[in-house]
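Working notes for the structure below.
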Protein chains: 2
Amino acid sequence: MKGLTSDYQLTLPAMLRRAEALYGPKEIVTRRPDKSFHRYTYADFVRRAKKLAVALGELGLEKSDRVATLAWNNHQHLEAYFGVPCAGLVLHTINPRLSADDLAYIIDHAGDRVLLIDETMVKLLASFRDRVDLDHIYVLSADGSAPEGLESYEELLSGADEERFEYPDFAEDDAAAMCYTSGTTGRPKGALYSHRAICLHSMASAMTDMLGIAERDVVMPIVPMFHVNAWGLPFTSTLVGAKQVLPGPHLDPESLLENLANEKVTITAGVPTIFFGILNKLDENPGAYQLSSLRAMIIGGSAAPEGMIRAFAERHGLHVLHAWGMTETTPLGSVCHVSSQLDDAPEDERYRVRAKQGIPGAFIEVRARGDEGFAAWDGESMGELEVRGPWVSGAYFNTEEGTDKFTEDGWFRTGDIVTIDENGYVEIQDRTKDLIKSGGEWISSVALENSLMSHDAVAEAAVIAVPEEQWGERPLGVVVLKEGAETTEEDLISHLAAHHPKWSLPDAIEFVDEIPHTATGKALKMALRERYKDYTPAER
Amino acid sequence: MKGLTSDYQLTLPAMLRRAEALYGPKEIVTRRPDKSFHRYTYADFVRRAKKLAVALGELGLEKSDRVATLAWNNHQHLEAYFGVPCAGLVLHTINPRLSADDLAYIIDHAGDRVLLIDETMVKLLASFRDRVDLDHIYVLSADGSAPEGLESYEELLSGADEERFEYPDFAEDDAAAMCYTSGTTGRPKGALYSHRAICLHSMASAMTDMLGIAERDVVMPIVPMFHVNAWGLPFTSTLVGAKQVLPGPHLDPESLLENLANEKVTITAGVPTIFFGILNKLDENPGAYQLSSLRAMIIGGSAAPEGMIRAFAERHGLHVLHAWGMTETTPLGSVCHVSSQLDDAPEDERYRVRAKQGIPGAFIEVRARGDEGFAAWDGESMGELEVRGPWVSGAYFNTEEGTDKFTEDGWFRTGDIVTIDENGYVEIQDRTKDLIKSGGEWISSVALENSLMSHDAVAEAAVIAVPEEQWGERPLGVVVLKEGAETTEEDLISHLAAHHPKWSLPDAIEFVDEIPHTATGKALKMALRERYKDYTPAER
């Protein structure tokens, strides 16, 4: 027997309608390329998102055609977040840091028909434009202008009548948005989000135990809107009517700190690299910025080291909220609040917990698959994290590649090697491909890297597996020293020995000037493994 | 094109599985009939809910058969909240305050096959048992015993092996639970909730801008679990792993205050009558109860007067959170947080706003239908509140009655006459049937009642329409005075004249000893209208 609840569908048009009805006077602030501020209201935003939907509707596109964006966090990009899906089209946000080859591949593979490009990124076009087939390219610019040969987004909007917009009734499982993974192996693959996935993800993000985003928050996503939809923050903020602060292209610590202080931001979010910069700036100028409104800095994308969490708290009274997710999880999977069960735990243990990736969100389920069945939830047994839930991908867009990432019983294989503790806290130990398997034991490269990076002299460290006859694989440390700092291989290995069993210690440390990075700022270990594939310590 | 998000279903089994995985050590406390406390953990609760599901599965019931409950808020009732739907059956919670006729009608109309009845309510059985056809009646008792001729719930559980429980995969639109309205007109009608409706309602309730219920909350629903599922609090609390405090049959202010203080309750919920009692007790013994943990008292069911909200805040530092909902809205529809846009408003205005029913929850939409189109959102224009959203009923169970409550475009007609202000705050002015239509103008009986009840001498007041030749209808005040208090009709009418236009003032006040009430404690105005249907002021 079916319930007799109405079949109301969870869609982005419903979310936009809510914003229009309830949050008209609330503010959205963008930092322009020239560092001045653009300010307007939700009412303005809704009007322009409607105009965009009307204008796109008049281009002769078909339902679910893709509209791509290459843009920073700004109000025009936000308009596309709603205007594109509310026109029945699919918003395809693209990472401009990808190679020209990948950009061309993604635009072609996604079948993008229209591209909205930031004025600051127009120079990228030359590298791929003749390799893709786009009907229109509109430039998002502060003054409404467009370089020769390109169309103006502002002109597109000014020609559209928002009165012609009618809120459409989509099925909630219709496609609304897509993001490609920036995988280090194989071609980028597309996650295709339904309206429902985005709506449920937004509700969950507003739950107190997730991010708790509310009307009275002021939300500044530093994480780019081309990086898994800025972790969904523009959608969540719009659902609850929070003031939004969009930093534009200015991701330097000083600009960000100015925004945080002047706009009284309550919650912000980004990758560890960004927050290292902010921490350094604060350390240099303690008290220079009035950040008393800031209730949480969400750090994700890669692990936030415990030392950073401590440093923000102890030196600046600022709270880091650690989170984990992936392109395939829309992206929020887990958030690390210290649960009430740990209220009486010693401070060190509480910090130790806060460095974990956290507890799965509502209706998100996790398990860790080891070599022999699922790993126990004991905080020690390692396995590959599998996840399922109402905003987890079930397939990739238009490819046979990656089908092995989805289990037959409906779970997504994340490629992360994790432990899960008795309270359900997930902690990433490694990526499956980075894990070092030595003599039948698993060695976490991440654990060794974190320890290396806690050494005063180390700026960055990567630990990779190198082939070795007797053990199969052995760990090798690759280290970039801080400017002017000095240390030795022996010193670093003895530093590690304090926290790690002897058999898991690297046999050697290589000092380098730079570690290569992926487009999202992670160490490109594949390149390191290639570089050191014939390496043996004996050769040194 | 469909999104490629997995088709994970939002069901109560998924919620129970989450509780089992993450919240095993958290506590659930019940106050037994003898006032002692029963304490166990989520792990115990899950084990017993599974046992119940297994035991019910062995009774030969069919999918979606109804299992009724007549019980107070206790851990056994909570087990039924999950054990019944997780067995593929429908949980039917019944209000024991209904008449024997209504009880018999509801049990028969719902097709209940099994009844779980509280030991304190067994005496009700005699009045309807021979009029209904039930396969089994199990008694929920503290010591596991059952009176002769009835079966024991504890024995039912002890015979079941929880290891035989397997989490089922239901479709999220399958029926999970039902509640009958205690309508004052016509027969009670059943709302039939899908798994999805309950799950989404729980997520929304955990959003910061709704109730923000979180793992570290301690939740005590005073509102009975037979009253629209205690406003969903047992489901929401279980979703997030909050400690639950269930007051059993002890709803007297002293017992409730003991629970609030001793269990360090952070959030509680009930109807105004309950909180009047609590307020009086606190006024009598200021400082006698340590309530510093209590962050919110959710008041709904009927309107919380502004005076009560003020009194709790100003005299006891306690925060009232006003909420509105109906059986047909699962039930939470709106919650009244003061939005940041009102931060600079004078205190009086902020209190005025807090006495409204609040802003609709995520994905809940409201509109007010007047005599001529929809009322403007100006805080003055009145209309009948219509509501739609993912946990709003689309039909009643197994009846043609009430189909006129659902509009063709998918909205539910609440029967509440409201204003909506420019910020989206809904304020109930009246019930459609209680509204006084005088000379083409609408007069809110509720507004007049609230003003009457703000008079020092008045204990309770009802204002009803009486037929009148010239104006169609005119308002009549019916007043119960406080013990020992004295006043006059003239005094009360001049008290009203300070806040209401002259044409809307009652032509007369009748002083009575008692006002009749519905099963949920509301003034039974239908009976008053019947009593005074031939009344004219001139006759006095």
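Residue numbering restarts at 1 in every chain; chains get A, B, ... in the order shown in the structure tokens, and ligands count up from 1 in that same order.
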*asked:* Env of range 346-349 of chain B: 12 Å cut, atoms = only C-alpha atoms, seq-sep filter 6 positions within chain, self excluded. Answer as a list in words.
replied: Glu306, Gly307, Ile309, Arg310, Ala313, Glu314, Val338, Ala355 and Lys356 of chain B
If the cut-off is 6 Å, can you tell me the residues of chain B near chain A, counting only C-alpha atoms? I'd like them as a PDB file with N, CA and C atoms, in the first residue's frame.
ATOM      1  N   MET B   1      16.414  13.797 -19.744  1.00  0.00           N
ATOM      2  CA  MET B   1      17.511  12.944 -19.279  1.00  0.00           C
ATOM      3  C   MET B   1      17.470  12.831 -17.759  1.00  0.00           C
ATOM      4  N   LYS B   2      17.592  11.614 -17.286  1.00  0.00           N
ATOM      5  CA  LYS B   2      17.571  11.393 -15.846  1.00  0.00           C
ATOM      6  C   LYS B   2      18.973  11.585 -15.254  1.00  0.00           C
ATOM      7  N   GLY B   3      19.021  12.056 -14.015  1.00  0.00           N
ATOM      8  CA  GLY B   3      20.296  12.106 -13.310  1.00  0.00           C
ATOM      9  C   GLY B   3      20.805  10.702 -13.061  1.00  0.00           C
ATOM     10  N   LEU B   4      22.083  10.595 -12.770  1.00  0.00           N
ATOM     11  CA  LEU B   4      22.669   9.274 -12.522  1.00  0.00           C
ATOM     12  C   LEU B   4      22.991   9.086 -11.047  1.00  0.00           C
ATOM     13  N   THR B   5      22.186   9.707 -10.190  1.00  0.00           N
ATOM     14  CA  THR B   5      22.274   9.466  -8.758  1.00  0.00           C
ATOM     15  C   THR B   5      21.632   8.105  -8.480  1.00  0.00           C
ATOM     16  N   SER B   6      22.171   7.383  -7.515  1.00  0.00           N
ATOM     17  CA  SER B   6      21.611   6.067  -7.203  1.00  0.00           C
ATOM     18  C   SER B   6      20.193   6.228  -6.670  1.00  0.00           C
ATOM     19  N   TYR B   8      18.662   5.308  -4.059  1.00  0.00           N
ATOM     20  CA  TYR B   8      18.551   5.031  -2.621  1.00  0.00           C
ATOM     21  C   TYR B   8      17.206   5.547  -2.102  1.00  0.00           C
ATOM     22  N   LEU B  22      25.539   3.922  14.469  1.00  0.00           N
ATOM     23  CA  LEU B  22      26.231   5.110  14.991  1.00  0.00           C
ATOM     24  C   LEU B  22      25.939   5.462  16.441  1.00  0.00           C
ATOM     25  N   SER B  64       1.612  -3.991   4.759  1.00  0.00           N
ATOM     26  CA  SER B  64       0.809  -2.771   4.954  1.00  0.00           C
ATOM     27  C   SER B  64      -0.413  -2.956   5.844  1.00  0.00           C
ATOM     28  N   ASP B 173       7.813   5.415  -1.144  1.00  0.00           N
ATOM     29  CA  ASP B 173       6.424   5.888  -1.120  1.00  0.00           C
ATOM     30  C   ASP B 173       5.471   4.853  -0.527  1.00  0.00           C
ATOM     31  N   ASP B 174       5.996   3.747  -0.027  1.00  0.00           N
ATOM     32  CA  ASP B 174       5.153   2.806   0.718  1.00  0.00           C
ATOM     33  C   ASP B 174       4.632   3.479   1.989  1.00  0.00           C
ATOM     34  N   ALA B 175       3.465   3.027   2.415  1.00  0.00           N
ATOM     35  CA  ALA B 175       2.874   3.571   3.645  1.00  0.00           C
ATOM     36  C   ALA B 175       3.667   3.097   4.853  1.00  0.00           C
ATOM     37  N   LEU B 192      -2.236   9.184   5.830  1.00  0.00           N
ATOM     38  CA  LEU B 192      -1.407   7.983   5.677  1.00  0.00           C
ATOM     39  C   LEU B 192      -0.031   8.420   5.179  1.00  0.00           C
ATOM     40  N   TYR B 193       0.964   8.321   6.068  1.00  0.00           N
ATOM     41  CA  TYR B 193       2.292   8.858   5.775  1.00  0.00           C
ATOM     42  C   TYR B 193       3.166   7.831   5.068  1.00  0.00           C
ATOM     43  N   SER B 194       3.848   8.262   4.038  1.00  0.00           N
ATOM     44  CA  SER B 194       4.832   7.385   3.388  1.00  0.00           C
ATOM     45  C   SER B 194       6.134   7.398   4.192  1.00  0.00           C
ATOM     46  N   ALA B 206      15.658  18.576  11.610  1.00  0.00           N
ATOM     47  CA  ALA B 206      17.033  18.678  12.095  1.00  0.00           C
ATOM     48  C   ALA B 206      17.777  19.850  11.465  1.00  0.00           C
ATOM     49  N   MET B 207      17.128  20.549  10.531  1.00  0.00           N
ATOM     50  CA  MET B 207      17.758  21.745   9.962  1.00  0.00           C
ATOM     51  C   MET B 207      17.774  22.844  11.023  1.00  0.00           C
ATOM     52  N   THR B 208      18.854  23.597  11.029  1.00  0.00           N
ATOM     53  CA  THR B 208      19.025  24.614  12.065  1.00  0.00           C
ATOM     54  C   THR B 208      17.847  25.586  12.099  1.00  0.00           C
ATOM     55  N   ASP B 209      17.317  25.959  10.939  1.00  0.00           N
ATOM     56  CA  ASP B 209      16.228  26.937  10.915  1.00  0.00           C
ATOM     57  C   ASP B 209      14.869  26.325  11.247  1.00  0.00           C
ATOM     58  N   GLY B 212      16.446  22.190  14.461  1.00  0.00           N
ATOM     59  CA  GLY B 212      17.891  22.037  14.646  1.00  0.00           C
ATOM     60  C   GLY B 212      18.266  20.911  15.591  1.00  0.00           C
ATOM     61  N   ALA B 214      19.903  17.811  17.087  1.00  0.00           N
ATOM     62  CA  ALA B 214      21.237  17.285  16.809  1.00  0.00           C
ATOM     63  C   ALA B 214      21.593  16.201  17.813  1.00  0.00           C
ATOM     64  N   ARG B 216      23.733  16.062  20.050  1.00  0.00           N
ATOM     65  CA  ARG B 216      23.977  16.435  21.445  1.00  0.00           C
ATOM     66  C   ARG B 216      22.744  17.027  22.121  1.00  0.00           C
ATOM     67  N   SER B 340      17.230  37.209  10.624  1.00  0.00           N
ATOM     68  CA  SER B 340      18.262  38.235  10.818  1.00  0.00           C
ATOM     69  C   SER B 340      17.778  39.595  10.327  1.00  0.00           C
ATOM     70  N   GLY B 389       3.868  20.509  -0.227  1.00  0.00           N
ATOM     71  CA  GLY B 389       5.251  20.156   0.053  1.00  0.00           C
ATOM     72  C   GLY B 389       5.382  18.653   0.173  1.00  0.00           C
ATOM     73  N   PRO B 390       6.638  18.205   0.350  1.00  0.00           N
ATOM     74  CA  PRO B 390       6.914  16.758   0.261  1.00  0.00           C
ATOM     75  C   PRO B 390       6.432  15.957   1.460  1.00  0.00           C
ATOM     76  N   VAL B 392       3.222  16.808   2.845  1.00  0.00           N
ATOM     77  CA  VAL B 392       1.828  17.240   2.979  1.00  0.00           C
ATOM     78  C   VAL B 392       0.941  16.177   2.336  1.00  0.00           C
ATOM     79  N   SER B 393      -0.160  15.834   3.012  1.00  0.00           N
ATOM     80  CA  SER B 393      -1.063  14.805   2.498  1.00  0.00           C
ATOM     81  C   SER B 393      -1.636  15.191   1.146  1.00  0.00           C
ATOM     82  N   GLY B 394      -1.885  14.164   0.335  1.00  0.00           N
ATOM     83  CA  GLY B 394      -2.519  14.362  -0.958  1.00  0.00           C
ATOM     84  C   GLY B 394      -3.933  13.804  -0.987  1.00  0.00           C
ATOM     85  N   ALA B 395      -4.315  13.079   0.053  1.00  0.00           N
ATOM     86  CA  ALA B 395      -5.655  12.465   0.119  1.00  0.00           C
ATOM     87  C   ALA B 395      -5.833  11.882   1.514  1.00  0.00           C
ATOM     88  N   ASN B 423       7.806  39.143   5.135  1.00  0.00           N
ATOM     89  CA  ASN B 423       8.942  38.236   5.352  1.00  0.00           C
ATOM     90  C   ASN B 423       8.536  36.771   5.303  1.00  0.00           C
ATOM     91  N   GLY B 424       7.256  36.505   5.040  1.00  0.00           N
ATOM     92  CA  GLY B 424       6.802  35.124   4.917  1.00  0.00           C
ATOM     93  C   GLY B 424       6.282  34.522   6.216  1.00  0.00           C
TER      94      GLY B 424
END
*Please run DSSP on the backbone and report, as a PyMOL selection string, all residues within range 212-277 of chain A that come out as alpha helix (DSSP H).*
chain A and resi 228-231+233-240+253-262+272-277
C-alpha atoms of the current selection, written as a tab-separated table (two decimals), in the first residue's frame:
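Writing done, so here's part37.tsv:
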chain	number	residue	atom	x	y	z
A	228	VAL	CA	31.92	19.98	-7.11
A	229	ASN	CA	29.57	22.97	-7.00
A	230	ALA	CA	31.57	24.65	-4.22
A	231	TRP	CA	30.57	21.68	-2.08
A	233	LEU	CA	27.19	25.73	-0.58
A	234	PRO	CA	25.51	28.02	-3.15
A	235	PHE	CA	22.53	25.65	-3.25
A	236	THR	CA	22.35	25.21	0.52
A	237	SER	CA	22.73	28.93	1.17
A	238	THR	CA	19.96	29.73	-1.28
A	239	LEU	CA	17.65	27.10	0.25
A	240	VAL	CA	17.92	28.72	3.68
A	253	PRO	CA	44.90	35.19	2.19
A	254	GLU	CA	44.71	38.95	2.54
A	255	SER	CA	41.66	39.35	0.30
A	256	LEU	CA	39.95	36.42	1.93
A	257	LEU	CA	40.61	37.74	5.42
A	258	GLU	CA	39.29	41.16	4.42
A	259	ASN	CA	36.10	39.52	3.19
A	260	LEU	CA	35.75	37.38	6.31
A	261	ALA	CA	36.13	40.38	8.58
A	262	ASN	CA	34.26	43.06	6.65
A	272	PRO	CA	43.82	22.87	3.44
A	273	THR	CA	46.22	24.81	1.18
A	274	ILE	CA	43.98	27.87	1.34
A	275	PHE	CA	43.76	27.66	5.11
A	276	PHE	CA	47.51	27.22	5.50
A	277	GLY	CA	47.79	30.58	3.77
*asked:* When you look at Gly270 in chain B with a cut-off of 7 Å (counting only C-alpha atoms), what residues show up, excluding the ones that are within fewer than 5 positions of it in the same chain? I need them as a PyMOL selection string.
replied: chain B and resi 221-223+298-300
Could you take the residues named above and write them with C-alpha atoms, as a CSV table (one decimal), in the first residue's frame?
chain,number,residue,atom,x,y,z
B,221,PRO,CA,8.4,15.3,23.7
B,222,ILE,CA,5.6,16.2,26.1
B,223,VAL,CA,3.3,16.2,23.1
B,298,ILE,CA,8.6,24.2,21.1
B,299,ILE,CA,5.0,25.2,21.4
B,300,GLY,CA,2.4,24.2,18.9
*asked:* Would you pick out the contacts of range 508-512 of chain B at 12 Å or less, using only C-alpha atoms, so that residues sharing its chain but fewer than 5 positions from it are not included, and give the list as a ChimeraX atom specification?
replied: /B:448-449,452,457-466,474-482,485-494,496,528,531-532,535-540
_Atomic distance CA of Arg354 in chain A - CA of Glu263 in chain A, expressed in Å with one decimal_ = 27.5 Å
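Within range 168-261 of chain A, residues classed as strand (DSSP E) by DSSP on backbone coordinates are Ala175, Ala176, Ala177, Met178, Cys179, Tyr180, Gly190, Ala191, Leu192, Tyr193, Ser194, Val218, Val219, Met220, Pro221, Lys243, Gln244, Val245 and Leu246 of chain A.
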*Which residues, written as number ranges by chain, have at least one atom at most 7 Å from Asn73 in chain B, with only C-alpha atoms counted and residues fewer than 2 positions away on the same chain left out?*
B: 71, 77, 224-225, 246-248
*Within 8 Å of Leu91 in chain A, counting only C-alpha atoms, which residues qualify if same-chain residues fewer than 4 places away don't, as a PyMOL selection string?*
chain A and resi 66-69+80-81+84-85+176-178
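Residues with any atom within 7 Å of range 150-165 of chain A, counting only C-alpha atoms and excluding same-chain neighbours fewer than 6 positions away, are A:Arg47, A:Lys50, A:Lys51, A:Leu52, A:Val54, A:Ala55, A:Ile137, A:Tyr138, A:Val139, A:Leu140, A:Gly144.
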_Just to confirm, what's the straight-line distance from CA of Val219 in chain A to CA of Val245 in chain A in Å (one decimal)?_
6.0 Å
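Here CA of Trp72 in chain B is placed at a distance of 26.7 Å from CA of Phe312 in chain B.
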